[in-house]
Amino acid sequence: MKYGKIKKKKDFRKILSTGKRAYGGTLTVVYLPAKEPSMAVCVGKKYGKSVERNRIKRLLREAFRAQAEKVGSPYAFLLIPKVSETYSFEGFRKDIGGIFKREKLEDG
RNA sequence: CGAGCGGACUACGCGGUCGCGGCGCAAGAAAUUGCGGUGAGGAAAGUCCGGGCAUCACAGGGCAGGACGCCUGAUAACGUCAGGUGAAGGCGACUUUAAGGAAAGUGCAACAGAAAUAGACAACCGCUUCCGCUUUGCGGAGACGGUUCAGGUGGAAAGGCGAGGCAAAAGCUCACCGACGGGACGGUAACGCCCCGUGCCAUGUAAACCCCGUCCGAUGCAAGUUUGGGUCUCUCUCAUAUGGGUUGCCCGCCCGAGGGAGUACCGUGAAUAACGCUGGAGCCUAUCGGUGACGGUAGGCGUAGAUAAAUGACCGCGCUCGACAGAACCCGGCUUAUAGGUCCGCUCGUAUU
RNA sequence: GGCCUUGUGGUCAAGCGGUUAAGACGGCGCCCUCUCACGGCGCAAUCCCGGGUUCGAUUCCCGGCAAGGUCA
């Protein structure tokens with residue numbers, strides 16, 4: 001399934017206020033049923049300089065991509081990482097997988 | 001071998017699988033799919049300068065304000081760079097340097113010190129008057145005249161140092177050094193060097209105000225352009241220069257501004273849109289001119305253009321185990337951050353030949 | 001991305017190149033009191049950091065760092 005980008009400020013507000021929250025060790029996932037599958041990562045200035053922020057975004061997208069195939073129905077996802085010293089691909093991947101399993105979003 | 005100086009370069013590499021942003025080609029009505037190729041830096045950073053570019057009822061004058069400041073050159077331009085001069089530091093290679101003017105004027109110089117820009121007081125000496133005494137003299141006080149040496153204070157005390165000179169002294173005189181004025185020579189110039197003269201008067205601070213010289217219109221791609229409607233009619237409010245725009249102010253110049261209703265046509269998307277948006281003062285190689293910055297000529301190259309914003313994950317191999325760090329209109333610089341590695345030129349010390 | 005502003009005890013803040021760096025609130029110590037409060041006395045500042053100009057810099061100049069504002 002192809003995931004689009006969430007861009008509009010209105011959409012962000014809607015998901016953050018009405019969406020369901022799921023917490024993992026390294027990040028928080030906010031999601032809402034939607035017509036088209038979409039996702040976004042939230043990495044503000046508190047996470048560091050631009051190099052560091054870009055790295056977090058890449059890791060999150062890649063980890064999400066590795067797990068997204070399991071989700072059957074369309075949802076809008078927001079991924080919000082927690083501030084820490086180091087960020088790892090493996091940690092994000094396991095947390096996202098665990099959240100999908102717990103929230104019963106996986107297909108079948 | 002040890003210590004050091006200057007300059008240049010590099011910024012993990014290779015192979016696979018999956019994935020991302022532009023571009024090209026093909027397919028498709030379209031969404032999209034497939035293939036190919038391409039995709040961050042030396043600082044992309046800070047936004048400290050300069051320029052291009054764009055807009056402002058063209059950009060005119062004056063004031064204010066700002067920047068720069070040894071000389072010559074380079075450049076589109078610069079506060080940058082190159083070469084040189086002076087000064088300071090280092091044994092040296094070399095490094096640093098906002099380096100015009102203090103006899104245009106104003107301000108400031110705490111504390112200390114007799115005194116802070118120059119007068120007084122104190123001190124030293126001469127002469128004279130008075131007083132005292134141990135009476136060819138010595139001491140004390142006062143008037144007049146000469147002088148600023150020494151001591152102490154200070155960042156700085158009126159050219160320095162040595163000799164002569166004098167009642168005591170002082171560039172009063174002399175040698176050397178410095179300063180100032182004039183001249184010759186060398187250099188495009190800053191300046192250097194030599195000669196002659198003047199006994200010498202002018203404290204510091206201009207990164208205090210300021211003076212002199214040179215330069216600057218303002219605003220910045222969130223600039224701005226296009227579509228978002230156009231034309232006509234009616235009407236309302238403010239205004240006739242005492243308004244609005246143009247640079248902070250003045251002059252000058254330019255101009256009415258905003259809203260509502262109706263009708264005909266176009267359009268249905270209205271801001272998260274498109275353009276600006278990357279081919280350029282471009283990069284590489286060779287050669288010529290120049291000490292050099294740089295410039296000329298010839299050949300070659302095609303080299304990110306995103307907009308919640310693209311480079312990542314995993315596996316294998318190698319090693320020195322990988323620093324600082326991510327384009328956002330574009331260039332030239334400066335400044336700041338930066339693990340390690342490579343190369344070139346040079347200095348000092350020690351030892352050997 | 002562009003353009004600006006500000007950094008002084010814990011907080012809010014004054015500060016004409018020479019100050020013992022004002023003042024208020026708060027904190028700590030001592031005195032006063034049987035005790036607390038009030039009151040009195042005292043203490044606590046790398047003037048954000050690094051250079052430079054100057055005899056002397058919180059102040060002037062240059063470069064960093066941090067915080068904040070503003071422009072569609």
# chains A, B, ... in the order shown; residues from 1 in each chain; ligands from 1

call {"tool": "residues_around", "arguments": {"residues": "range 29-46 of chain C", "least_positions_apart": "5", "cutoff": "12 Å", "atoms": "only C-alpha atoms (C1' of nucleotides)", "output": "VMD selection string"}}
result
chain C and resid 8 to 10 21 58

call {"tool": "write_last_selection", "arguments": {"atoms": "C-alpha atoms (C1' of nucleotides)", "output": "mmCIF file, in the first residue's frame"}}
result
data_model
loop_
_atom_site.group_PDB
_atom_site.id
_atom_site.type_symbol
_atom_site.label_atom_id
_atom_site.label_comp_id
_atom_site.auth_asym_id
_atom_site.auth_seq_id
_atom_site.Cartn_x
_atom_site.Cartn_y
_atom_site.Cartn_z
ATOM 1 C "C1'" U C 8 24.532 42.495 35.241
ATOM 2 C "C1'" G C 9 23.481 38.012 42.640
ATOM 3 C "C1'" G C 10 18.085 32.930 42.660
ATOM 4 C "C1'" A C 21 28.929 47.518 40.756
ATOM 5 C "C1'" U C 58 30.288 46.309 32.897
#

call {"tool": "residues_around", "arguments": {"residues": "C9 in chain B", "least_positions_apart": "2", "cutoff": "12 Å", "atoms": "only C-alpha atoms (C1' of nucleotides)", "output": "PyMOL selection string"}}
result
chain B and resi 7+11+42+341-344

call {"tool": "atom_distance", "arguments": {"atom1": "C1' of U33 in chain B", "atom2": "CA of Lys57 in chain A"}}
result
26.9 Å

call {"tool": "interface_residues", "arguments": {"of": "chain B", "to": "chain A", "cutoff": "7 Å", "atoms": "only C-alpha atoms (C1' of nucleotides)", "output": "list in words"}}
result
U272, A308, G312, A313, A325 and G326 of chain B

call {"tool": "write_last_selection", "arguments": {"atoms": "N, CA, C and O atoms (P, O5', C5', C4', C3', O3' and C1' of nucleotides)", "output": "mmCIF file, in the first residue's frame"}}
result
data_model
loop_
_atom_site.group_PDB
_atom_site.id
_atom_site.type_symbol
_atom_site.label_atom_id
_atom_site.label_comp_id
_atom_site.auth_asym_id
_atom_site.auth_seq_id
_atom_site.Cartn_x
_atom_site.Cartn_y
_atom_site.Cartn_z
ATOM 1 P P U B 272 -1.521 28.490 2.363
ATOM 2 O "O5'" U B 272 -0.437 27.342 2.247
ATOM 3 C "C5'" U B 272 0.725 27.520 1.441
ATOM 4 C "C4'" U B 272 1.088 26.235 0.723
ATOM 5 C "C3'" U B 272 0.404 26.055 -0.628
ATOM 6 O "O3'" U B 272 1.300 25.391 -1.522
ATOM 7 C "C1'" U B 272 -0.126 24.240 0.781
ATOM 8 P P A B 308 5.283 20.859 1.785
ATOM 9 O "O5'" A B 308 5.881 19.848 2.871
ATOM 10 C "C5'" A B 308 7.228 19.972 3.293
ATOM 11 C "C4'" A B 308 7.496 19.063 4.474
ATOM 12 C "C3'" A B 308 6.671 17.797 4.474
ATOM 13 O "O3'" A B 308 7.469 16.716 4.981
ATOM 14 C "C1'" A B 308 6.230 19.043 6.434
ATOM 15 P P G B 312 22.872 8.510 3.948
ATOM 16 O "O5'" G B 312 22.029 7.576 4.915
ATOM 17 C "C5'" G B 312 21.043 8.105 5.781
ATOM 18 C "C4'" G B 312 19.862 7.183 5.884
ATOM 19 C "C3'" G B 312 20.195 5.732 6.198
ATOM 20 O "O3'" G B 312 20.445 5.520 7.585
ATOM 21 C "C1'" G B 312 18.617 5.821 4.442
ATOM 22 P P A B 313 21.412 4.354 8.085
ATOM 23 O "O5'" A B 313 20.514 3.054 7.885
ATOM 24 C "C5'" A B 313 19.354 2.849 8.685
ATOM 25 C "C4'" A B 313 18.645 1.588 8.258
ATOM 26 C "C3'" A B 313 19.508 0.332 8.247
ATOM 27 O "O3'" A B 313 19.640 -0.244 9.524
ATOM 28 C "C1'" A B 313 18.272 0.466 6.233
ATOM 29 P P A B 325 28.922 20.421 15.051
ATOM 30 O "O5'" A B 325 28.322 21.086 13.749
ATOM 31 C "C5'" A B 325 27.316 20.434 13.000
ATOM 32 C "C4'" A B 325 27.663 20.485 11.539
ATOM 33 C "C3'" A B 325 26.489 20.353 10.581
ATOM 34 O "O3'" A B 325 25.877 21.607 10.378
ATOM 35 C "C1'" A B 325 28.274 18.960 9.880
ATOM 36 P P G B 326 24.249 21.769 10.418
ATOM 37 O "O5'" G B 326 23.887 21.673 8.868
ATOM 38 C "C5'" G B 326 23.694 20.444 8.259
ATOM 39 C "C4'" G B 326 23.557 20.599 6.778
ATOM 40 C "C3'" G B 326 22.188 21.087 6.320
ATOM 41 O "O3'" G B 326 22.313 21.954 5.209
ATOM 42 C "C1'" G B 326 22.620 18.946 5.422
#

call {"tool": "atom_distance", "arguments": {"atom1": "C1' of A114 in chain B", "atom2": "C1' of G155 in chain B"}}
result
20.1 Å

call {"tool": "atom_distance", "arguments": {"atom1": "CA of Gly98 in chain A", "atom2": "CA of Val71 in chain A"}}
result
12.4 Å

call {"tool": "residues_around", "arguments": {"residues": "Val83 in chain A", "least_positions_apart": "3", "cutoff": "10 Å", "atoms": "only C-alpha atoms (C1' of nucleotides)", "output": "list in words"}}
result
Thr26, Leu27, Val43, Lys46, Tyr47, Gly48, Ile80, Thr86 and Tyr87 of chain A

call {"tool": "select_by_dssp", "arguments": {"residues": "chain A", "states": "alpha helix (DSSP H)", "output": "ChimeraX atom specification"}}
result
/A:9-18,50-68,89-102

call {"tool": "select_by_dssp", "arguments": {"residues": "range 61-108 of chain A", "states": "strand (DSSP E or B)", "output": "PyMOL selection string"}}
result
chain A and resi 71+75-81+106

call {"tool": "residues_around", "arguments": {"residues": "C48 in chain C", "least_positions_apart": "5", "cutoff": "8 Å", "atoms": "only C-alpha atoms (C1' of nucleotides)", "output": "list in words"}}
result
G7, C65 and A66 of chain C

call {"tool": "residues_around", "arguments": {"residues": "C81 in chain B", "least_positions_apart": "4", "cutoff": "12 Å", "atoms": "only C-alpha atoms (C1' of nucleotides)", "output": "PyMOL selection string"}}
result
chain B and resi 73-75+292-294+332-334

call {"tool": "residues_around", "arguments": {"residues": "U338 in chain B", "least_positions_apart": "5", "cutoff": "10 Å", "atoms": "only C-alpha atoms (C1' of nucleotides)", "output": "CSV table (one decimal) with all heavy atoms, in the first residue's frame"}}
result
chain,number,residue,atom,x,y,z
B,43,A,P,36.1,26.7,1.9
B,43,A,OP1,36.4,27.2,0.6
B,43,A,OP2,37.1,26.5,2.9
B,43,A,O5',35.0,27.7,2.5
B,43,A,C5',34.4,27.5,3.8
B,43,A,C4',33.6,26.2,3.9
B,43,A,O4',33.8,25.7,5.2
B,43,A,C3',32.1,26.3,3.7
B,43,A,O3',31.8,26.2,2.3
B,43,A,C2',31.6,25.2,4.5
B,43,A,O2',31.5,24.0,3.7
B,43,A,C1',32.6,25.0,5.6
B,43,A,N9,32.2,25.4,6.9
B,43,A,C8,32.7,26.5,7.6
B,43,A,N7,32.2,26.6,8.8
B,43,A,C5,31.3,25.6,8.9
B,43,A,C6,30.4,25.1,9.8
B,43,A,N6,30.3,25.8,11.0
B,43,A,N1,29.7,24.0,9.6
B,43,A,C2,29.8,23.4,8.4
B,43,A,N3,30.6,23.7,7.4
B,43,A,C4,31.3,24.8,7.7
B,323,A,P,32.8,10.4,12.8
B,323,A,OP1,32.7,9.5,13.9
B,323,A,OP2,31.7,10.5,11.9
B,323,A,O5',33.1,11.9,13.4
B,323,A,C5',34.0,12.0,14.5
B,323,A,C4',34.7,13.4,14.5
B,323,A,O4',35.6,13.5,13.4
B,323,A,C3',33.7,14.5,14.3
B,323,A,O3',33.1,14.9,15.5
B,323,A,C2',34.6,15.6,13.6
B,323,A,O2',35.3,16.3,14.6
B,323,A,C1',35.5,14.8,12.8
B,323,A,N9,35.1,14.6,11.4
B,323,A,C8,34.7,13.4,10.8
B,323,A,N7,34.4,13.6,9.5
B,323,A,C5,34.6,14.9,9.3
B,323,A,C6,34.4,15.7,8.1
B,323,A,N6,34.0,15.2,7.0
B,323,A,N1,34.7,17.0,8.2
B,323,A,C2,35.1,17.5,9.4
B,323,A,N3,35.3,16.9,10.5
B,323,A,C4,35.0,15.6,10.4
B,324,C,P,31.5,15.4,15.6
B,324,C,OP1,31.2,15.6,17.0
B,324,C,OP2,30.8,14.4,14.7
B,324,C,O5',31.5,16.8,14.9
B,324,C,C5',32.3,17.9,15.4
B,324,C,C4',32.4,19.0,14.4
B,324,C,O4',33.1,18.5,13.2
B,324,C,C3',31.1,19.5,13.8
B,324,C,O3',30.5,20.5,14.7
B,324,C,C2',31.4,20.1,12.5
B,324,C,O2',32.0,21.4,12.6
B,324,C,C1',32.5,19.2,12.0
B,324,C,N1,32.1,18.2,11.0
B,324,C,C2,32.0,18.5,9.7
B,324,C,O2,32.3,19.6,9.4
B,324,C,N3,31.6,17.6,8.8
B,324,C,C4,31.3,16.3,9.2
B,324,C,N4,30.9,15.5,8.3
B,324,C,C5,31.4,16.0,10.6
B,324,C,C6,31.8,16.9,11.5
B,325,A,P,28.9,20.4,15.1
B,325,A,OP1,28.7,21.3,16.2
B,325,A,OP2,28.5,19.0,15.1
B,325,A,O5',28.3,21.1,13.7
B,325,A,C5',27.3,20.4,13.0
B,325,A,C4',27.7,20.5,11.5
B,325,A,O4',28.5,19.4,11.2
B,325,A,C3',26.5,20.4,10.6
B,325,A,O3',25.9,21.6,10.4
B,325,A,C2',27.1,19.8,9.3
B,325,A,O2',27.7,20.9,8.6
B,325,A,C1',28.3,19.0,9.9
B,325,A,N9,28.0,17.5,9.9
B,325,A,C8,27.8,16.7,11.0
B,325,A,N7,27.6,15.5,10.7
B,325,A,C5,27.6,15.4,9.3
B,325,A,C6,27.5,14.4,8.3
B,325,A,N6,27.2,13.2,8.7
B,325,A,N1,27.6,14.7,7.1
B,325,A,C2,27.8,16.0,6.7
B,325,A,N3,28.0,17.1,7.5
B,325,A,C4,27.9,16.7,8.8

call {"tool": "residues_around", "arguments": {"residues": "C4 in chain C", "least_positions_apart": "5", "cutoff": "12 Å", "atoms": "only C-alpha atoms (C1' of nucleotides)", "output": "MDAnalysis selection string"}}
result
chainID C and resid 68:71
